[in-house]
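Raw data29.cif, mmCIF, C-alpha atoms:
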```
data_final
#
loop_
_atom_site.group_PDB
_atom_site.id
_atom_site.type_symbol
_atom_site.label_atom_id
_atom_site.label_comp_id
_atom_site.auth_asym_id
_atom_site.auth_seq_id
_atom_site.Cartn_x
_atom_site.Cartn_y
_atom_site.Cartn_z
ATOM 1 C CA MET A 1 -15.449 44.273 99.019
ATOM 2 C CA PHE A 2 -13.142 46.981 100.343
ATOM 3 C CA ALA A 3 -12.380 44.755 103.320
ATOM 4 C CA ALA A 4 -11.339 41.915 101.019
ATOM 5 C CA ALA A 5 -9.144 44.287 99.012
ATOM 6 C CA THR A 6 -7.545 45.550 102.229
ATOM 7 C CA ALA A 7 -6.820 41.993 103.325
ATOM 8 C CA ALA A 8 -5.227 41.307 99.956
ATOM 9 C CA ILE A 9 -3.059 44.434 100.246
ATOM 10 C CA ILE A 10 -1.973 43.376 103.738
ATOM 11 C CA ALA A 11 -1.000 39.968 102.375
ATOM 12 C CA ALA A 12 0.990 41.637 99.594
ATOM 13 C CA MET A 13 2.701 43.840 102.199
ATOM 14 C CA VAL A 14 3.718 40.740 104.144
ATOM 15 C CA LEU A 15 5.175 39.230 100.975
ATOM 16 C CA ALA A 16 7.184 42.398 100.296
ATOM 17 C CA LEU A 17 8.372 42.322 103.911
ATOM 18 C CA VAL A 18 9.576 38.746 103.483
ATOM 19 C CA ARG A 19 11.630 39.850 100.482
ATOM 20 C CA ALA A 20 13.027 42.813 102.435
ATOM 21 C CA PHE A 21 14.034 40.534 105.322
ATOM 22 C CA ALA A 22 15.492 37.733 103.243
ATOM 23 C CA GLY A 23 16.481 39.474 99.988
ATOM 24 C CA PRO A 24 19.977 38.269 99.219
ATOM 25 C CA SER A 25 20.914 41.191 96.961
ATOM 26 C CA LEU A 26 20.651 44.928 97.457
ATOM 27 C CA TYR A 27 18.288 45.226 94.501
ATOM 28 C CA ASP A 28 15.859 42.857 96.180
ATOM 29 C CA ARG A 29 15.782 45.130 99.197
ATOM 30 C CA ILE A 30 15.372 48.306 97.153
ATOM 31 C CA LEU A 31 12.559 46.726 95.176
ATOM 32 C CA ALA A 32 10.938 45.442 98.359
ATOM 33 C CA GLY A 33 11.070 48.937 99.874
ATOM 34 C CA ASN A 34 9.649 50.512 96.729
ATOM 35 C CA SER A 35 6.824 48.030 96.325
ATOM 36 C CA PHE A 36 6.087 48.326 100.023
ATOM 37 C CA GLY A 37 5.661 52.065 99.492
ATOM 38 C CA THR A 38 3.244 51.371 96.653
ATOM 39 C CA LYS A 39 1.285 49.032 98.892
ATOM 40 C CA THR A 40 1.144 51.765 101.540
ATOM 41 C CA VAL A 41 -0.318 54.167 98.977
ATOM 42 C CA LEU A 42 -2.973 51.606 98.038
ATOM 43 C CA LEU A 43 -3.674 50.790 101.671
ATOM 44 C CA ILE A 44 -4.221 54.448 102.605
ATOM 45 C CA GLY A 45 -6.532 54.912 99.640
ATOM 46 C CA LEU A 46 -8.484 51.808 100.654
ATOM 47 C CA MET A 47 -8.615 52.934 104.278
ATOM 48 C CA GLY A 48 -10.361 56.094 103.147
ATOM 49 C CA PHE A 49 -13.031 54.130 101.296
ATOM 50 C CA LEU A 50 -13.286 51.633 104.142
ATOM 51 C CA THR A 51 -14.130 54.358 106.662
ATOM 52 C CA GLY A 52 -16.331 56.270 104.226
ATOM 53 C CA ARG A 53 -13.939 59.198 103.709
ATOM 54 C CA PRO A 54 -12.531 59.056 100.190
ATOM 55 C CA ASP A 55 -10.653 62.342 100.807
ATOM 56 C CA PHE A 56 -7.761 60.156 101.912
ATOM 57 C CA LEU A 57 -7.082 59.557 98.240
ATOM 58 C CA ASP A 58 -5.262 62.921 97.996
ATOM 59 C CA ILE A 59 -2.944 61.911 100.833
ATOM 60 C CA ALA A 60 -2.295 58.612 99.101
ATOM 61 C CA LEU A 61 -1.271 60.493 95.958
ATOM 62 C CA LEU A 62 1.242 62.559 97.934
ATOM 63 C CA TYR A 63 2.669 59.341 99.354
ATOM 64 C CA ALA A 64 3.134 58.038 95.840
ATOM 65 C CA LEU A 65 5.182 61.151 95.020
ATOM 66 C CA ILE A 66 7.370 60.745 98.113
ATOM 67 C CA ASN A 67 7.892 57.072 97.392
ATOM 68 C CA PHE A 68 8.940 57.802 93.807
ATOM 69 C CA ALA A 69 11.360 60.543 94.811
ATOM 70 C CA SER A 70 12.995 58.522 97.578
ATOM 71 C CA THR A 71 13.465 55.474 95.349
ATOM 72 C CA ILE A 72 15.130 57.653 92.714
ATOM 73 C CA ALA A 73 17.382 59.149 95.403
ATOM 74 C CA ILE A 74 18.395 55.717 96.690
ATOM 75 C CA LEU A 75 19.079 54.344 93.230
ATOM 76 C CA ARG A 76 21.107 57.387 92.193
ATOM 77 C CA PHE A 77 23.130 57.068 95.317
ATOM 78 C CA PHE A 78 23.645 53.400 94.723
ATOM 79 C CA SER A 79 24.716 53.824 91.103
ATOM 80 C CA TYR A 80 27.410 56.256 92.197
ATOM 81 C CA ARG A 81 28.674 53.795 94.766
ATOM 82 C CA ARG A 82 28.686 51.053 92.157
ATOM 83 C CA SER A 83 30.687 53.026 89.607
ATOM 84 C CA ARG A 84 33.255 53.806 92.272
ATOM 85 C CA GLU A 85 33.654 50.191 93.290
ATOM 86 C CA GLU A 86 34.049 48.912 89.771
ATOM 87 C CA ALA A 87 36.777 51.382 88.945
ATOM 88 C CA MET B 1 -21.153 63.968 130.988
ATOM 89 C CA THR B 2 -22.110 60.578 129.690
ATOM 90 C CA GLU B 3 -19.768 57.652 129.809
ATOM 91 C CA PHE B 4 -18.101 57.039 126.467
ATOM 92 C CA GLU B 5 -18.180 53.496 125.130
ATOM 93 C CA THR B 6 -15.672 52.560 122.457
ATOM 94 C CA VAL B 7 -17.558 50.974 119.596
ATOM 95 C CA PHE B 8 -16.004 47.859 118.139
ATOM 96 C CA SER B 9 -15.058 48.389 114.524
ATOM 97 C CA PRO B 10 -13.402 45.998 112.097
ATOM 98 C CA ILE B 11 -10.689 48.630 111.524
ATOM 99 C CA ILE B 12 -9.060 47.148 114.631
ATOM 100 C CA PHE B 13 -7.926 44.179 112.528
ATOM 101 C CA LEU B 14 -6.193 46.547 110.125
ATOM 102 C CA ASP B 15 -4.496 48.264 113.070
ATOM 103 C CA LEU B 16 -3.456 44.897 114.477
ATOM 104 C CA ALA B 17 -1.960 43.851 111.134
ATOM 105 C CA LEU B 18 -0.062 47.143 110.806
ATOM 106 C CA LEU B 19 1.273 46.973 114.369
ATOM 107 C CA THR B 20 2.317 43.332 113.942
ATOM 108 C CA MET B 21 4.263 44.262 110.818
ATOM 109 C CA LEU B 22 5.846 47.203 112.687
ATOM 110 C CA PHE B 23 6.969 44.805 115.396
ATOM 111 C CA LEU B 24 8.404 42.330 112.886
ATOM 112 C CA VAL B 25 10.285 45.083 111.030
ATOM 113 C CA ALA B 26 11.730 46.403 114.299
ATOM 114 C CA ILE B 27 12.953 42.929 115.289
ATOM 115 C CA ALA B 28 14.444 42.397 111.820
ATOM 116 C CA MET B 29 16.240 45.763 112.008
ATOM 117 C CA LEU B 30 17.736 44.776 115.358
ATOM 118 C CA ARG B 31 18.929 41.396 114.150
ATOM 119 C CA SER B 32 20.283 42.374 110.752
ATOM 120 C CA ARG B 33 23.978 43.234 110.436
ATOM 121 C CA HIS B 34 23.611 44.325 106.830
ATOM 122 C CA LEU B 35 23.423 48.099 107.080
ATOM 123 C CA PHE B 36 21.878 48.734 103.663
ATOM 124 C CA GLY B 37 19.094 46.302 104.506
ATOM 125 C CA VAL B 38 18.582 48.092 107.814
ATOM 126 C CA VAL B 39 18.255 51.443 106.020
ATOM 127 C CA MET B 40 15.639 50.018 103.648
ATOM 128 C CA LEU B 41 13.826 48.421 106.589
ATOM 129 C CA SER B 42 13.756 51.735 108.426
ATOM 130 C CA GLY B 43 12.116 53.286 105.363
ATOM 131 C CA ILE B 44 9.521 50.500 105.453
ATOM 132 C CA TYR B 45 9.080 51.104 109.181
ATOM 133 C CA SER B 46 8.314 54.779 108.503
ATOM 134 C CA LEU B 47 5.790 53.925 105.800
ATOM 135 C CA LEU B 48 4.090 51.452 108.124
ATOM 136 C CA SER B 49 3.879 53.903 110.990
ATOM 137 C CA ALA B 50 2.592 56.556 108.580
ATOM 138 C CA ALA B 51 -0.181 54.179 107.518
ATOM 139 C CA PHE B 52 -0.942 53.563 111.182
ATOM 140 C CA PHE B 53 -1.111 57.319 111.853
ATOM 141 C CA VAL B 54 -3.576 57.691 108.982
ATOM 142 C CA SER B 55 -5.635 54.965 110.595
ATOM 143 C CA LEU B 56 -5.576 57.029 113.821
ATOM 144 C CA ASP B 57 -6.832 60.076 111.834
ATOM 145 C CA ALA B 58 -3.562 61.984 112.342
ATOM 146 C CA VAL B 59 -2.939 62.607 108.655
ATOM 147 C CA ASP B 60 -0.610 65.573 109.184
ATOM 148 C CA VAL B 61 1.652 63.571 111.489
ATOM 149 C CA ALA B 62 1.493 60.691 109.023
ATOM 150 C CA PHE B 63 2.560 62.932 106.183
ATOM 151 C CA THR B 64 5.526 64.270 108.157
ATOM 152 C CA GLU B 65 6.513 60.743 109.095
ATOM 153 C CA ALA B 66 6.426 59.605 105.469
ATOM 154 C CA ALA B 67 8.343 62.610 104.137
ATOM 155 C CA VAL B 68 10.991 62.682 106.847
ATOM 156 C CA GLY B 69 11.189 59.018 107.759
ATOM 157 C CA ALA B 70 10.885 57.313 104.416
ATOM 158 C CA GLY B 71 12.313 60.126 102.290
ATOM 159 C CA ILE B 72 14.934 62.325 103.873
ATOM 160 C CA SER B 73 16.303 60.171 106.663
ATOM 161 C CA THR B 74 16.777 57.216 104.311
ATOM 162 C CA VAL B 75 19.000 59.367 102.118
ATOM 163 C CA LEU B 76 20.786 60.805 105.159
ATOM 164 C CA MET B 77 21.460 57.356 106.563
ATOM 165 C CA LEU B 78 22.751 56.184 103.195
ATOM 166 C CA SER B 79 25.123 59.164 103.052
ATOM 167 C CA GLY B 80 26.290 58.327 106.552
ATOM 168 C CA MET B 81 26.713 54.688 105.625
ATOM 169 C CA LEU B 82 28.985 55.561 102.722
ATOM 170 C CA LEU B 83 31.371 57.215 105.178
ATOM 171 C CA THR B 84 31.584 54.055 107.291
ATOM 172 C CA ALA B 85 31.463 50.329 106.738
ATOM 173 C CA ARG B 86 28.568 48.603 105.045
ATOM 174 C CA ARG B 87 28.311 45.915 107.672
ATOM 175 C CA GLU B 88 27.909 46.267 111.383
ATOM 176 C CA LYS B 89 30.579 44.602 113.507
ATOM 177 C CA PRO B 90 29.452 41.355 115.151
ATOM 178 C CA LYS B 91 28.238 42.125 118.629
ATOM 179 C CA THR B 92 29.864 40.591 121.682
ATOM 180 C CA PRO B 93 27.220 38.874 123.761
ATOM 181 C CA GLY B 94 27.308 39.330 127.527
ATOM 182 C CA ARG B 95 25.592 42.336 129.077
ATOM 183 C CA ALA B 96 22.295 41.495 127.394
ATOM 184 C CA PRO B 97 20.279 40.322 130.470
ATOM 185 C CA VAL B 98 20.533 43.664 132.300
ATOM 186 C CA ALA B 99 19.482 45.613 129.224
ATOM 187 C CA LEU B 100 16.625 43.191 128.538
ATOM 188 C CA LEU B 101 15.425 43.569 132.119
ATOM 189 C CA ALA B 102 15.508 47.372 131.896
ATOM 190 C CA VAL B 103 13.603 47.332 128.606
ATOM 191 C CA LEU B 104 10.993 44.911 129.945
ATOM 192 C CA ALA B 105 10.497 46.980 133.105
ATOM 193 C CA THR B 106 10.087 50.201 131.089
ATOM 194 C CA GLY B 107 7.669 48.483 128.722
ATOM 195 C CA ALA B 108 5.614 47.120 131.603
ATOM 196 C CA ALA B 109 5.445 50.609 133.154
ATOM 197 C CA LEU B 110 4.270 52.070 129.840
ATOM 198 C CA PHE B 111 1.610 49.369 129.490
ATOM 199 C CA TYR B 112 0.490 50.116 133.045
ATOM 200 C CA ALA B 113 0.241 53.821 132.171
ATOM 201 C CA THR B 114 -2.083 53.135 129.231
ATOM 202 C CA ILE B 115 -4.755 51.872 131.653
ATOM 203 C CA ASP B 116 -5.366 55.454 132.795
ATOM 204 C CA MET B 117 -5.565 56.870 129.282
ATOM 205 C CA PRO B 118 -8.949 57.993 127.979
ATOM 206 C CA ALA B 119 -10.544 55.794 125.341
ATOM 207 C CA PHE B 120 -9.686 56.513 121.716
ATOM 208 C CA GLY B 121 -12.095 59.117 120.362
ATOM 209 C CA ASP B 122 -13.591 59.905 123.784
ATOM 210 C CA PRO B 123 -15.237 63.360 123.506
ATOM 211 C CA ASN B 124 -14.934 63.819 127.288
ATOM 212 C CA SER B 125 -11.177 63.341 127.399
ATOM 213 C CA PRO B 126 -9.176 66.416 128.529
ATOM 214 C CA ALA B 127 -7.673 66.846 125.061
ATOM 215 C CA ASN B 128 -11.084 67.027 123.433
ATOM 216 C CA SER B 129 -13.164 68.819 126.026
ATOM 217 C CA ALA B 130 -11.094 71.615 127.620
ATOM 218 C CA VAL B 131 -9.128 74.211 125.647
ATOM 219 C CA GLY B 132 -9.179 72.269 122.403
ATOM 220 C CA GLN B 133 -12.911 72.673 121.908
ATOM 221 C CA ASP B 134 -12.523 76.431 122.306
ATOM 222 C CA TYR B 135 -10.017 76.536 119.446
ATOM 223 C CA VAL B 136 -12.249 74.339 117.292
ATOM 224 C CA ASP B 137 -15.116 76.770 117.859
ATOM 225 C CA ARG B 138 -13.203 79.997 117.302
ATOM 226 C CA ALA B 139 -10.529 79.174 114.737
ATOM 227 C CA ALA B 140 -12.832 79.253 111.730
ATOM 228 C CA GLY B 141 -14.056 82.755 112.568
ATOM 229 C CA GLU B 142 -10.780 84.306 113.731
ATOM 230 C CA ILE B 143 -8.263 82.958 111.248
ATOM 231 C CA PRO B 144 -9.036 82.883 107.535
ATOM 232 C CA MET B 145 -7.633 79.391 107.027
ATOM 233 C CA PRO B 146 -9.804 76.415 106.162
ATOM 234 C CA ASN B 147 -7.745 73.963 108.250
ATOM 235 C CA ILE B 148 -7.809 74.231 112.043
ATOM 236 C CA VAL B 149 -4.481 72.460 112.500
ATOM 237 C CA THR B 150 -2.833 74.893 110.086
ATOM 238 C CA SER B 151 -4.352 77.920 111.764
ATOM 239 C CA ILE B 152 -3.116 76.741 115.171
ATOM 240 C CA LEU B 153 0.366 75.912 113.900
ATOM 241 C CA ALA B 154 0.889 78.986 111.762
ATOM 242 C CA SER B 155 -1.098 81.625 113.634
ATOM 243 C CA TYR B 156 -2.016 80.891 117.270
ATOM 244 C CA ARG B 157 1.389 79.409 118.019
ATOM 245 C CA GLY B 158 3.289 81.004 115.181
ATOM 246 C CA PHE B 159 6.285 82.017 117.315
ATOM 247 C CA ASP B 160 6.595 78.480 118.606
ATOM 248 C CA THR B 161 6.569 77.162 115.054
ATOM 249 C CA MET B 162 9.222 79.699 114.080
ATOM 250 C CA GLY B 163 11.383 78.381 116.937
ATOM 251 C CA GLU B 164 10.854 74.862 115.647
ATOM 252 C CA VAL B 165 11.933 75.931 112.187
ATOM 253 C CA MET B 166 15.100 77.397 113.708
ATOM 254 C CA VAL B 167 15.800 74.119 115.518
ATOM 255 C CA ILE B 168 15.281 72.108 112.340
ATOM 256 C CA PHE B 169 17.498 74.471 110.365
ATOM 257 C CA THR B 170 20.249 74.134 112.984
ATOM 258 C CA ALA B 171 19.921 70.360 112.911
ATOM 259 C CA GLY B 172 20.136 70.392 109.131
ATOM 260 C CA VAL B 173 23.275 72.518 109.170
ATOM 261 C CA ALA B 174 24.820 70.203 111.778
ATOM 262 C CA VAL B 175 24.048 67.140 109.671
ATOM 263 C CA MET B 176 25.535 68.758 106.586
ATOM 264 C CA LEU B 177 28.683 69.625 108.558
ATOM 265 C CA LEU B 178 28.966 66.082 109.900
ATOM 266 C CA LEU B 179 28.484 64.417 106.543
ATOM 267 C CA GLY B 180 30.664 66.865 104.634
ATOM 268 C CA VAL B 181 29.937 69.131 101.702
ATOM 269 C CA GLY B 182 30.108 66.402 99.085
ATOM 270 C CA SER B 183 28.204 63.907 101.196
ATOM 271 C CA MET B 184 25.893 62.973 98.358
ATOM 272 C CA ARG B 185 28.964 61.943 96.404
ATOM 273 C CA GLY B 186 30.437 59.805 99.140
ATOM 274 C CA GLY B 187 31.956 62.396 101.418
ATOM 275 C CA ARG B 188 34.632 63.739 99.113
ATOM 276 C CA ARG B 189 34.630 66.811 96.962
ATOM 277 C CA VAL B 190 35.075 65.149 93.606
ATOM 278 C CA SER B 191 33.765 66.183 90.238
ATOM 279 C CA ASP B 192 31.801 63.638 88.288
ATOM 280 C CA ILE B 193 34.491 63.247 85.636
ATOM 281 C CA GLU B 194 37.439 62.452 87.857
ATOM 282 C CA ALA B 195 35.332 60.606 90.409
ATOM 283 C CA ASP B 196 36.842 57.217 89.733
ATOM 284 C CA ASP B 197 40.469 58.297 90.079
ATOM 285 C CA ALA B 198 39.816 60.245 93.251
ATOM 286 C CA ALA B 199 37.928 57.299 94.695
ATOM 287 C CA ASP B 200 40.820 54.959 93.950
ATOM 288 C CA ASN B 201 43.316 57.190 95.708
ATOM 289 C CA GLY B 202 41.121 57.906 98.690
ATOM 290 C CA LYS B 203 39.792 54.391 99.037
ATOM 291 C CA ALA B 204 43.050 52.787 100.240
ATOM 292 C CA GLU B 205 42.291 51.804 103.811
#
```
Now, as a test, write the supplied structure out as structure tokens.
Amino acid sequence: MFAAATAAIIAAMVLALVRAFAGPSLYDRILAGNSFGTKTVLLIGLMGFLTGRPDFLDIALLYALINFASTIAILRFFSYRRSREEA
Amino acid sequence: MTEFETVFSPIIFLDLALLTMLFLVAIAMLRSRHLFGVVMLSGIYSLLSAAFFVSLDAVDVAFTEAAVGAGISTVLMLSGMLLTARREKPKTPGRAPVALLAVLATGAALFYATIDMPAFGDPNSPANSAVGQDYVDRAAGEIPMPNIVTSILASYRGFDTMGEVMVIFTAGVAVMLLLGVGSMRGGRRVSDIEADDAADNGKAE
């Protein structure tokens, strides 16, 4: 069951990658990066269960924090740039 | 010493998928001329390699890779990008064959070198059998830290780690100097209220 879930997560990662490669707008790329980070969190959690070491779940939680903070940083950055360009 | 046989485990498919995605992201980063996309792709690259490090059981390295690669360096590259153009100049083709040849030769040499490497997880490999085992045996009794990696980093080679911290601090100061004090605001010292006016005056190229 965990193997099937891992395969599904990998497929979702590939889909996010496609959006990051093709994404016509900047928001597509930001969203692709953010959702890819979420998929990484899920994948690491699943990897722990897959190898019989659920301790990996703590690491996955830390990744979720990093992903959140970096997305906020990117968006904040981007909003500043936007307000400057519109002026 | 008994010969170590690598057991086949289905995790190899996960590793293969991760490495394939790493390869695709690297190719896409090379081909893209859209710098913002490249920055986002490099964040994805870091997350992927962090996942791969976790799969190799190197969770501390993976955590550093995720924090530095996907977090800090993305922001640093964005600050750098604001000081320059948002698109890379189109490249002039020409000298590519020589570079390709050099890269292929180096890659082939690296592949050749992996033949001599001990198998993954081999308990008889030099890294696992010589000095390392001694530290694994003694660290728990000598240093009151539950984690062996932490006790080696912070105690056995504490001076070395302090030197590393100095190097990282110097690098951080250098980056701040290069990007400028107001780098998070686009490289100019502007207050939030008069940002738009200052940007208009400074933006004329």
Practice problem: Please write as an MDAnalysis selection string the list of polymer residues whose atoms come within 12 Å of (10.7, 50.6, 104.7), counting all atoms listed in the file and keeping to the coordinates of the file. | Solution: (chainID A and resid 13 16:21 29:40 67 70:71) or (chainID B and resid 21:22 24:26 28:29 36:51 65:66 69:71 73:74)
Exercise. Measuring atom to atom with all atoms listed in the file, identify which of B:Gly107, B:Pro10, B:Gly180, B:Gly141 is nearest to chain A.
Key: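 Going through B:Gly107, B:Pro10, B:Gly180, B:Gly141 one by one, the smallest distance to chain A is for B:Pro10.
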Quiz prompt | Counting all atoms listed in the file, the option among A:Ala12, A:Tyr27, A:Ile74, A:Ala64 closest to chain B | solution =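 Between A:Ala12, A:Tyr27, A:Ile74, A:Ala64, the residue approaching chain B most closely is A:Ile74.
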Quiz item: In terms of the shortest atom-to-atom distance over only C-alpha atoms, which of B:Ser55, B:Pro118, B:Phe23, B:Leu30 is closest to chain A?
Solution: B:Ser55
Practice problem: Go ahead and compute the interatomic distance for atom CA of Leu82 of chain B and atom CA of Val173 of chain B, in Å to one decimal. | Solution: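 Taking atom CA of Leu82 of chain B and atom CA of Val173 of chain B, their separation equals 19.0 Å.
Straight-line separation from atom CA of His34 of chain B to atom CA of Arg76 of chain A: 19.8 Å.
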Practice problem: Give me the result of the PyMOL selection byres ((chain A and resi 4-10) around 9) on this file, residue by residue, as a list in words. | Solution: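 Applied to this file, the PyMOL selection byres ((chain A and resi 4-10) around 9) selects Met1, Phe2, Ala3, Ala11, Ala12, Met13, Val14, Leu15, Lys39, Thr40, Leu42, Leu43, Leu46, Met47 and Leu50 of chain A; Leu14, Ala17 and Leu18 of chain B.
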Practice problem: Work out how far apart atom CA of Asp58 of chain A and atom CA of Phe63 of chain B are and give it in Å to one decimal. | Solution: 11.3 Å
Axis-aligned box over every listed atom of segment 26-44 of chain A, padded by 8 Å per side: centre and edges in Å to one decimal, as JSON?
```
{"center_x": 8.2, "center_y": 48.7, "center_z": 98.6, "size_x": 40.9, "size_y": 27.6, "size_z": 24.1}
```
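With all atoms listed in the file as the atoms that count, the residue of A:Leu57, A:Ile66, A:Leu75, A:Phe49 with the shortest distance to chain B is A:Ile66.
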Exercise. Go through B:Pro97, B:Pro90, B:Gly172, B:Gly80 one by one, measure the shortest atom-to-atom distance of each to chain A using only C-alpha atoms, and give the residue with the smallest value.
Key: B:Gly80
Quiz item: Which residue out of A:Ala22, A:Ile44, A:Ile72, A:Ala60 has the minimum interatomic distance to chain B when only C-alpha atoms are used?
Solution: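 Checking each of A:Ala22, A:Ile44, A:Ile72, A:Ala60 against chain B, counting only C-alpha atoms, the winner is A:Ile44.
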Could you pull the residues within 9 Å of Leu61 of chain A, counting only C-alpha atoms, minus those fewer than 5 positions along the same chain, as an mmCIF file with C-alpha atoms, in the frame of the given file?
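The resulting file, result_20.cif, is shown below:
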```
data_model
loop_
_atom_site.group_PDB
_atom_site.id
_atom_site.type_symbol
_atom_site.label_atom_id
_atom_site.label_comp_id
_atom_site.auth_asym_id
_atom_site.auth_seq_id
_atom_site.Cartn_x
_atom_site.Cartn_y
_atom_site.Cartn_z
ATOM 1 C CA VAL A 41 -0.318 54.167 98.977
ATOM 2 C CA GLY A 45 -6.532 54.912 99.640
ATOM 3 C CA PHE A 56 -7.761 60.156 101.912
ATOM 4 C CA ILE A 66 7.370 60.745 98.113
#
```
Practice problem: Give me the residues within 12 Å of Val7 of chain B as a list in words, counting only C-alpha atoms and dropping any in the same chain fewer than 4 places off. | Solution: Ile11, Ile12, Ala119, Phe120, Gly121 and Asp122 of chain B
Saved selection, atoms kept: C-alpha atoms, as a PDB file, in the frame of the given file:
```
ATOM      1  CA  ILE B  11     -10.689  48.630 111.524  1.00  0.00           C
ATOM      2  CA  ILE B  12      -9.060  47.148 114.631  1.00  0.00           C
ATOM      3  CA  ALA B 119     -10.544  55.794 125.341  1.00  0.00           C
ATOM      4  CA  PHE B 120      -9.686  56.513 121.716  1.00  0.00           C
ATOM      5  CA  GLY B 121     -12.095  59.117 120.362  1.00  0.00           C
ATOM      6  CA  ASP B 122     -13.591  59.905 123.784  1.00  0.00           C
TER       7      ASP B 122
END
```
